[in-house]
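What follows is a single structure, written as structure tokens, with notes after it.
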Amino acid sequence: MNPFIINGEIANQYFCDRKIETEQLLNRILNQHNVVLMSPRRMGKTGLIYHCYQQPELKDDYYLFFVDILSTASLTEFTYCLGKQIYETLKPFGRNVLDVFIGTLKSLQAEFGYDVTSGLPKFNLSLGSIRNPEYTLDEIFRYIDLADKRCIVAIDEFQQIANYPEKGIEAMLRTHIQHCSNATFIFAGSERHILSEMFISHAKPFYQSATIMSLDAIPLDVYSDFVVYQMAHNNISIDSDVVESVYNRFRGNTYCIQKVFNVAYSMMSKGEHCDMSVVDAAIENILADSSHVYRLRLSLLSPKIKEVLYAIAADDRAKGVTSGQFIRHHHLDSASSVQSAIKQLMSEDWITYDLDDNGKKEYYINDPFLSYWLRIYVI
């Protein structure tokens with residue numbers, strides 16, 4: 001089996017480090033603290049949550065729900081995704097458990113059917129089935145509060161609720177969560193500036209309602225030991241400086257490192273040595289697979305917007321993007337046009353930003369592979 005897992009749950013023997021973070025998250029969950037888990041995109045938030053869900057302290061005594069709301073754009077979609085995920089999680093527990101859940105969803109009972117073979121209720125709902133999302137959401141939280149086991153509810157990309165058109169979403173969810181005594185919540189997200197505003201600003205409903213955890217890159221020496229060990233365990237050798245090169249190229253991004261060594265491993269046979277030529281070929285293959293999608297996405301941007309995107313990619317971490325120095329260096333139009341482009345690129349999820357030690361914004365491209373592809377093949 002390829003030891004560098006890039007999708008789904010990761011078995012303990014293939015999970016790289018995060019020992020301290022696992023201990024911290026488990027401790028807070030077990031002590032009924034709601035947690036905000038923040039990190040850049042694809043740094044391993046989802047993997048860490050699933051890793052905690054596999055631990056014996058949780059998996060036998062809790063209902064463990066995980067819902068990703070990145071693709072949702074309204075309260076109706078949020079309610080649908082949450083309800084569907086609860087149904088899918090409860091399904092292995094049998095009809096009695098499912099019947100309790102469905103019995104609580106009085107507004108949707110008519111939408112459920114039963115599988116002739118298994119006798120289990122079937123989730124036949126569509127978005128159109130949810131005609132009153134606030135009422136249905138209230139029923140879902142009522143089920144969580146009455147469930148026969150304590151629940152852990154992880155909501156990935158939680159900052160997405162800030163984009164819903166309905167007013168008062170944060171206040172409504174905060175009320176539900178506050179009154180739900182049978183569950184602990186994990187609010188995970190990659191837009192750290194939005195999540196920070198939601199949970200740190202005293203003007204926001206979620207102010208000081210959860211403990212904040214920040215997930216940073218796994219240290220280089222730890223990742224290097226992990227890669228060398230996994231390769232050696234499969235009779236493939238690799239030098240630590242090769243791992244370091246990949247680590248630095250993608251700024252310690254967990255997904256990118258795993259992807260590169262997943263592909264590199266697939267190119268090797270037992271007894272061979274994985275050197276820089278193999279790693280470079282693996283990266284070229286990854287970028288080639290993504291090239292068509294990248295070009296298609298770029299074709300949807302106007303030339304002026306693309307110029308700002310390329311400028312950010314060229315700097316890798318772009319500071320002072322409306323300053324005269326940045327504009328002159330990258331031959332851009334004006335501060336106002338750059339500001340407008342930044343707004344569009346942010347709203348379309350091309351870029352995000354972190355704050356440096358002085359509180360200044362550093363803009364960077366969300367997808368490290370795209371950023372690298374732009375620097376190598378486009379700029």
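Ligands are numbered from 1 in the order shown, chains are lettered A, B, ... in the order of the structure tokens, and residues start at 1 in each chain.
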Subject >> Who sits within 8 Å of Tyr14 in chain A, only C-alpha atoms, same chain under 2 positions skipped, as a PyMOL selection string >> reply: chain A and resi 3-5+10-12+16
Save out the residues we just selected, C-alpha atoms, as an mmCIF file, in the first residue's frame.
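Once everything was written out, this is result27.cif:
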data_model
loop_
_atom_site.group_PDB
_atom_site.id
_atom_site.type_symbol
_atom_site.label_atom_id
_atom_site.label_comp_id
_atom_site.auth_asym_id
_atom_site.auth_seq_id
_atom_site.Cartn_x
_atom_site.Cartn_y
_atom_site.Cartn_z
ATOM 1 C CA PRO A 3 2.084 4.913 2.633
ATOM 2 C CA PHE A 4 1.534 8.550 1.625
ATOM 3 C CA ILE A 5 -2.238 8.850 1.936
ATOM 4 C CA ILE A 10 -5.491 7.854 7.493
ATOM 5 C CA ALA A 11 -4.592 4.790 9.552
ATOM 6 C CA ASN A 12 -2.400 5.528 12.563
ATOM 7 C CA CYS A 16 2.528 11.908 10.323
#
Subject >> DSSP strand (DSSP E) residues within range 137-356 of chain A, listed as a list in words >> reply: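 Here is the list: Arg150, Cys151, Ile152, Val153, Ala154, Ile155, Asp156, Ala183, Thr184, Phe185, Ile186, Phe187, Ala188, Gly189, Thr211, Ile212, Met213, Ser214, Ser237, Ile238, His273, Cys274, Ala318, Lys319, Ile351, Thr352, Tyr353, Asp354 and Leu355 of chain A.
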Next, the residues of the selection above should be written as a PDB file, in the first residue's frame with C-alpha atoms.
ATOM      1  CA  ARG A 150     -22.883  12.360  23.449  1.00  0.00           C
ATOM      2  CA  CYS A 151     -22.149  13.895  20.028  1.00  0.00           C
ATOM      3  CA  ILE A 152     -19.065  15.503  18.518  1.00  0.00           C
ATOM      4  CA  VAL A 153     -19.976  17.741  15.580  1.00  0.00           C
ATOM      5  CA  ALA A 154     -17.120  18.967  13.382  1.00  0.00           C
ATOM      6  CA  ILE A 155     -18.065  21.619  10.813  1.00  0.00           C
ATOM      7  CA  ASP A 156     -15.317  22.129   8.236  1.00  0.00           C
ATOM      8  CA  ALA A 183     -22.662  17.923  22.015  1.00  0.00           C
ATOM      9  CA  THR A 184     -19.220  19.406  21.591  1.00  0.00           C
ATOM     10  CA  PHE A 185     -18.463  21.354  18.407  1.00  0.00           C
ATOM     11  CA  ILE A 186     -15.310  21.735  16.320  1.00  0.00           C
ATOM     12  CA  PHE A 187     -15.342  24.742  13.995  1.00  0.00           C
ATOM     13  CA  ALA A 188     -12.602  24.181  11.416  1.00  0.00           C
ATOM     14  CA  GLY A 189     -11.605  26.629   8.727  1.00  0.00           C
ATOM     15  CA  THR A 211     -11.074  27.574  22.438  1.00  0.00           C
ATOM     16  CA  ILE A 212      -8.917  28.552  19.466  1.00  0.00           C
ATOM     17  CA  MET A 213      -6.293  26.140  18.091  1.00  0.00           C
ATOM     18  CA  SER A 214      -3.995  27.055  15.220  1.00  0.00           C
ATOM     19  CA  SER A 237      15.957   4.762   0.172  1.00  0.00           C
ATOM     20  CA  ILE A 238      15.770   8.552   0.170  1.00  0.00           C
ATOM     21  CA  HIS A 273      16.827   5.145  -4.476  1.00  0.00           C
ATOM     22  CA  CYS A 274      14.479   8.149  -4.610  1.00  0.00           C
ATOM     23  CA  ALA A 318       3.002  39.587  -1.232  1.00  0.00           C
ATOM     24  CA  LYS A 319       3.128  42.539   1.167  1.00  0.00           C
ATOM     25  CA  ILE A 351      -6.000  34.019  -2.676  1.00  0.00           C
ATOM     26  CA  THR A 352      -6.096  34.617   1.054  1.00  0.00           C
ATOM     27  CA  TYR A 353      -3.885  36.396   3.564  1.00  0.00           C
ATOM     28  CA  ASP A 354      -2.194  36.041   6.926  1.00  0.00           C
ATOM     29  CA  LEU A 355      -0.943  38.766   9.228  1.00  0.00           C
TER      30      LEU A 355
END
Subject >> DSSP helix (DSSP H, G or I) selection over range 84-252 of chain A, as a ChimeraX atom specification >> reply: /A:84-93,95-104,109-111,127-129,133-146,158-163,169-178,192-200,220-233,240-249
**OP:** Write out as an MDAnalysis selection string which residues come within 7 Å of Lys270 in chain A when counting only C-alpha atoms, dropping same-chain ones fewer than 4 positions away.
**Re:** chainID A and resid 234:236
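Taking CA of Met198 in chain A and CA of Gln159 in chain A as the two end points, the separation is 8.1 Å.
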Residues of range 114-160 of chain A that approach range 85-105 of chain A to 10 Å or less, counting only C-alpha atoms: could you list each one with the shortest pair of atoms and its distance in Å to one decimal, rows by chain and increasing residue number, as a tab-separated table?
residue	atom	partner	partner_atom	distance
A:Ser118	CA	A:Arg95	CA	9.2
A:Gly119	CA	A:Arg95	CA	7.6
A:Leu120	CA	A:Arg95	CA	5.6
A:Pro121	CA	A:Leu98	CA	7.2
A:Lys122	CA	A:Tyr87	CA	9.2
A:Phe123	CA	A:Tyr87	CA	7.5
A:Tyr135	CA	A:Leu105	CA	9.4
A:Thr136	CA	A:Leu105	CA	6.7
A:Leu137	CA	A:Leu105	CA	9.0
A:Asp138	CA	A:Leu105	CA	9.1
A:Glu139	CA	A:Leu105	CA	5.6
A:Ile140	CA	A:Leu105	CA	6.8
A:Phe141	CA	A:Thr104	CA	9.5
A:Arg142	CA	A:Thr104	CA	7.4
A:Tyr143	CA	A:Thr104	CA	6.0
A:Ile144	CA	A:Phe101	CA	8.7
A:Leu146	CA	A:Thr104	CA	9.4
A:Ala147	CA	A:Phe101	CA	8.2
A:Asp148	CA	A:Val97	CA	8.8
A:Val153	CA	A:Ile86	CA	9.3
Export N, CA and C atoms of the chosen residues as a PDB file, in the first residue's frame?
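What ended up in part.pdb:
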ATOM      1  N   SER A 118     -32.987  -3.944   2.882  1.00  0.00           N
ATOM      2  CA  SER A 118     -32.409  -3.811   4.225  1.00  0.00           C
ATOM      3  C   SER A 118     -33.425  -3.414   5.282  1.00  0.00           C
ATOM      4  N   GLY A 119     -34.532  -2.820   4.855  1.00  0.00           N
ATOM      5  CA  GLY A 119     -35.513  -2.336   5.815  1.00  0.00           C
ATOM      6  C   GLY A 119     -35.131  -1.023   6.458  1.00  0.00           C
ATOM      7  N   LEU A 120     -33.996  -0.437   6.019  1.00  0.00           N
ATOM      8  CA  LEU A 120     -33.537   0.833   6.596  1.00  0.00           C
ATOM      9  C   LEU A 120     -34.201   2.015   5.895  1.00  0.00           C
ATOM     10  N   PRO A 121     -34.406   3.100   6.622  1.00  0.00           N
ATOM     11  CA  PRO A 121     -34.921   4.321   5.978  1.00  0.00           C
ATOM     12  C   PRO A 121     -33.947   4.817   4.919  1.00  0.00           C
ATOM     13  N   LYS A 122     -34.449   5.357   3.838  1.00  0.00           N
ATOM     14  CA  LYS A 122     -33.615   5.897   2.771  1.00  0.00           C
ATOM     15  C   LYS A 122     -33.675   7.424   2.803  1.00  0.00           C
ATOM     16  N   PHE A 123     -32.515   8.035   2.624  1.00  0.00           N
ATOM     17  CA  PHE A 123     -32.428   9.501   2.613  1.00  0.00           C
ATOM     18  C   PHE A 123     -32.763   9.975   1.210  1.00  0.00           C
ATOM     19  N   TYR A 135     -36.710  25.834  10.781  1.00  0.00           N
ATOM     20  CA  TYR A 135     -37.470  24.868  11.569  1.00  0.00           C
ATOM     21  C   TYR A 135     -36.798  23.496  11.536  1.00  0.00           C
ATOM     22  N   THR A 136     -36.345  23.068  10.339  1.00  0.00           N
ATOM     23  CA  THR A 136     -35.666  21.777  10.205  1.00  0.00           C
ATOM     24  C   THR A 136     -34.359  21.770  10.986  1.00  0.00           C
ATOM     25  N   LEU A 137     -33.630  22.877  10.951  1.00  0.00           N
ATOM     26  CA  LEU A 137     -32.376  22.953  11.705  1.00  0.00           C
ATOM     27  C   LEU A 137     -32.645  22.848  13.203  1.00  0.00           C
ATOM     28  N   ASP A 138     -33.724  23.461  13.642  1.00  0.00           N
ATOM     29  CA  ASP A 138     -34.112  23.348  15.048  1.00  0.00           C
ATOM     30  C   ASP A 138     -34.388  21.889  15.417  1.00  0.00           C
ATOM     31  N   GLU A 139     -35.000  21.134  14.522  1.00  0.00           N
ATOM     32  CA  GLU A 139     -35.258  19.711  14.764  1.00  0.00           C
ATOM     33  C   GLU A 139     -33.960  18.909  14.819  1.00  0.00           C
ATOM     34  N   ILE A 140     -33.021  19.250  13.934  1.00  0.00           N
ATOM     35  CA  ILE A 140     -31.735  18.535  13.928  1.00  0.00           C
ATOM     36  C   ILE A 140     -31.007  18.742  15.247  1.00  0.00           C
ATOM     37  N   PHE A 141     -30.983  19.976  15.723  1.00  0.00           N
ATOM     38  CA  PHE A 141     -30.321  20.239  17.001  1.00  0.00           C
ATOM     39  C   PHE A 141     -31.080  19.590  18.159  1.00  0.00           C
ATOM     40  N   ARG A 142     -32.386  19.489  18.025  1.00  0.00           N
ATOM     41  CA  ARG A 142     -33.154  18.811  19.057  1.00  0.00           C
ATOM     42  C   ARG A 142     -32.752  17.339  19.126  1.00  0.00           C
ATOM     43  N   TYR A 143     -32.547  16.718  17.931  1.00  0.00           N
ATOM     44  CA  TYR A 143     -32.089  15.323  17.928  1.00  0.00           C
ATOM     45  C   TYR A 143     -30.721  15.207  18.601  1.00  0.00           C
ATOM     46  N   ILE A 144     -29.784  16.083  18.223  1.00  0.00           N
ATOM     47  CA  ILE A 144     -28.438  16.034  18.799  1.00  0.00           C
ATOM     48  C   ILE A 144     -28.508  16.117  20.313  1.00  0.00           C
ATOM     49  N   LEU A 146     -30.915  15.184  22.213  1.00  0.00           N
ATOM     50  CA  LEU A 146     -31.617  14.049  22.826  1.00  0.00           C
ATOM     51  C   LEU A 146     -30.989  12.702  22.474  1.00  0.00           C
ATOM     52  N   ALA A 147     -29.919  12.690  21.687  1.00  0.00           N
ATOM     53  CA  ALA A 147     -29.301  11.435  21.248  1.00  0.00           C
ATOM     54  C   ALA A 147     -28.844  10.602  22.439  1.00  0.00           C
ATOM     55  N   ASP A 148     -28.826   9.282  22.249  1.00  0.00           N
ATOM     56  CA  ASP A 148     -28.493   8.379  23.345  1.00  0.00           C
ATOM     57  C   ASP A 148     -26.996   8.299  23.632  1.00  0.00           C
ATOM     58  N   VAL A 153     -19.578  17.219  16.887  1.00  0.00           N
ATOM     59  CA  VAL A 153     -19.976  17.741  15.580  1.00  0.00           C
ATOM     60  C   VAL A 153     -18.863  18.637  15.053  1.00  0.00           C
TER      61      VAL A 153
END
Original post:
From the set A:Leu345, A:Ile194, A:Val279, A:Val246, which residue has the shortest atom-to-atom contact distance to Tyr265 in chain A, counting only C-alpha atoms?
Top reply: A:Val279
Original post:
Can you tell me how far CA of Asp239 in chain A sits from CA of Gln13 in chain A, in Å to one decimal?
Top reply: 21.1 Å
**OP:** Just the residues within 9 Å of range 53-57 of chain A, please, counting only C-alpha atoms, with nothing from its chain fewer than 3 positions along; format it as a VMD selection string.
**Re:** chain A and resid 9 11 to 12 26 30 48 to 50 60 to 62 64
Now that the selection is made, can you save its residues with C-alpha atoms as a short mmCIF file (atom, residue, chain, number, x, y, z; two decimals), in the first residue's frame?
data_model
loop_
_atom_site.label_atom_id
_atom_site.label_comp_id
_atom_site.auth_asym_id
_atom_site.auth_seq_id
_atom_site.Cartn_x
_atom_site.Cartn_y
_atom_site.Cartn_z
CA GLU A 9 -9.12 8.66 6.77
CA ALA A 11 -4.59 4.79 9.55
CA ASN A 12 -2.40 5.53 12.56
CA LEU A 26 -8.80 15.20 22.42
CA LEU A 30 -13.34 15.19 26.30
CA LEU A 48 -6.39 15.63 12.37
CA ILE A 49 -10.11 15.53 13.15
CA TYR A 50 -10.52 12.08 11.59
CA ASP A 60 -16.77 3.81 21.08
CA ASP A 61 -18.68 6.25 23.26
CA TYR A 62 -19.66 9.14 20.97
CA LEU A 64 -18.91 11.44 15.58
#
Subject >> All residues 10 Å or closer to range 41-47 of chain A, only C-alpha atoms, same chain fewer than 4 positions away omitted, as a ChimeraX atom specification >> reply: /A:6-10,15-16,18,37,51-53,66,68,154-157,188-192,214-218,252-257,352,366-368
Original post:
Using only C-alpha atoms, which of the listed residues (A:Tyr372, A:Tyr223, A:Trp350, A:Phe158) sits closest to Phe199 in chain A?
Top reply: A:Phe158
**OP:** For Gly320 in chain A, work out the shell of residues within 8 Å, counting only C-alpha atoms and skipping chain neighbours fewer than 3 positions away, then give it as a ChimeraX atom specification.
**Re:** /A:323,326,361-362
Please produce a file of those selected residues containing N, CA and C atoms, as an mmCIF file, in the first residue's frame.
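Heads up, here's the output in part.cif:
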data_model
loop_
_atom_site.group_PDB
_atom_site.id
_atom_site.type_symbol
_atom_site.label_atom_id
_atom_site.label_comp_id
_atom_site.auth_asym_id
_atom_site.auth_seq_id
_atom_site.Cartn_x
_atom_site.Cartn_y
_atom_site.Cartn_z
ATOM 1 N N SER A 323 0.995 49.498 -2.415
ATOM 2 C CA SER A 323 2.077 50.476 -2.305
ATOM 3 C C SER A 323 2.646 50.791 -3.684
ATOM 4 N N PHE A 326 5.282 48.134 -4.851
ATOM 5 C CA PHE A 326 4.726 46.885 -5.387
ATOM 6 C C PHE A 326 4.148 47.116 -6.784
ATOM 7 N N LYS A 361 -0.794 42.622 6.284
ATOM 8 C CA LYS A 361 -1.330 41.519 5.488
ATOM 9 C C LYS A 361 -0.281 40.973 4.512
ATOM 10 N N GLU A 362 -0.199 39.642 4.461
ATOM 11 C CA GLU A 362 0.621 38.942 3.477
ATOM 12 C C GLU A 362 -0.314 38.097 2.618
#
**OP:** Between CA of Val228 in chain A and CA of Asp280 in chain A, measure the distance and give it in Å to one decimal.
**Re:**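 Atom-to-atom, CA of Val228 in chain A and CA of Asp280 in chain A are spaced 17.2 Å apart.
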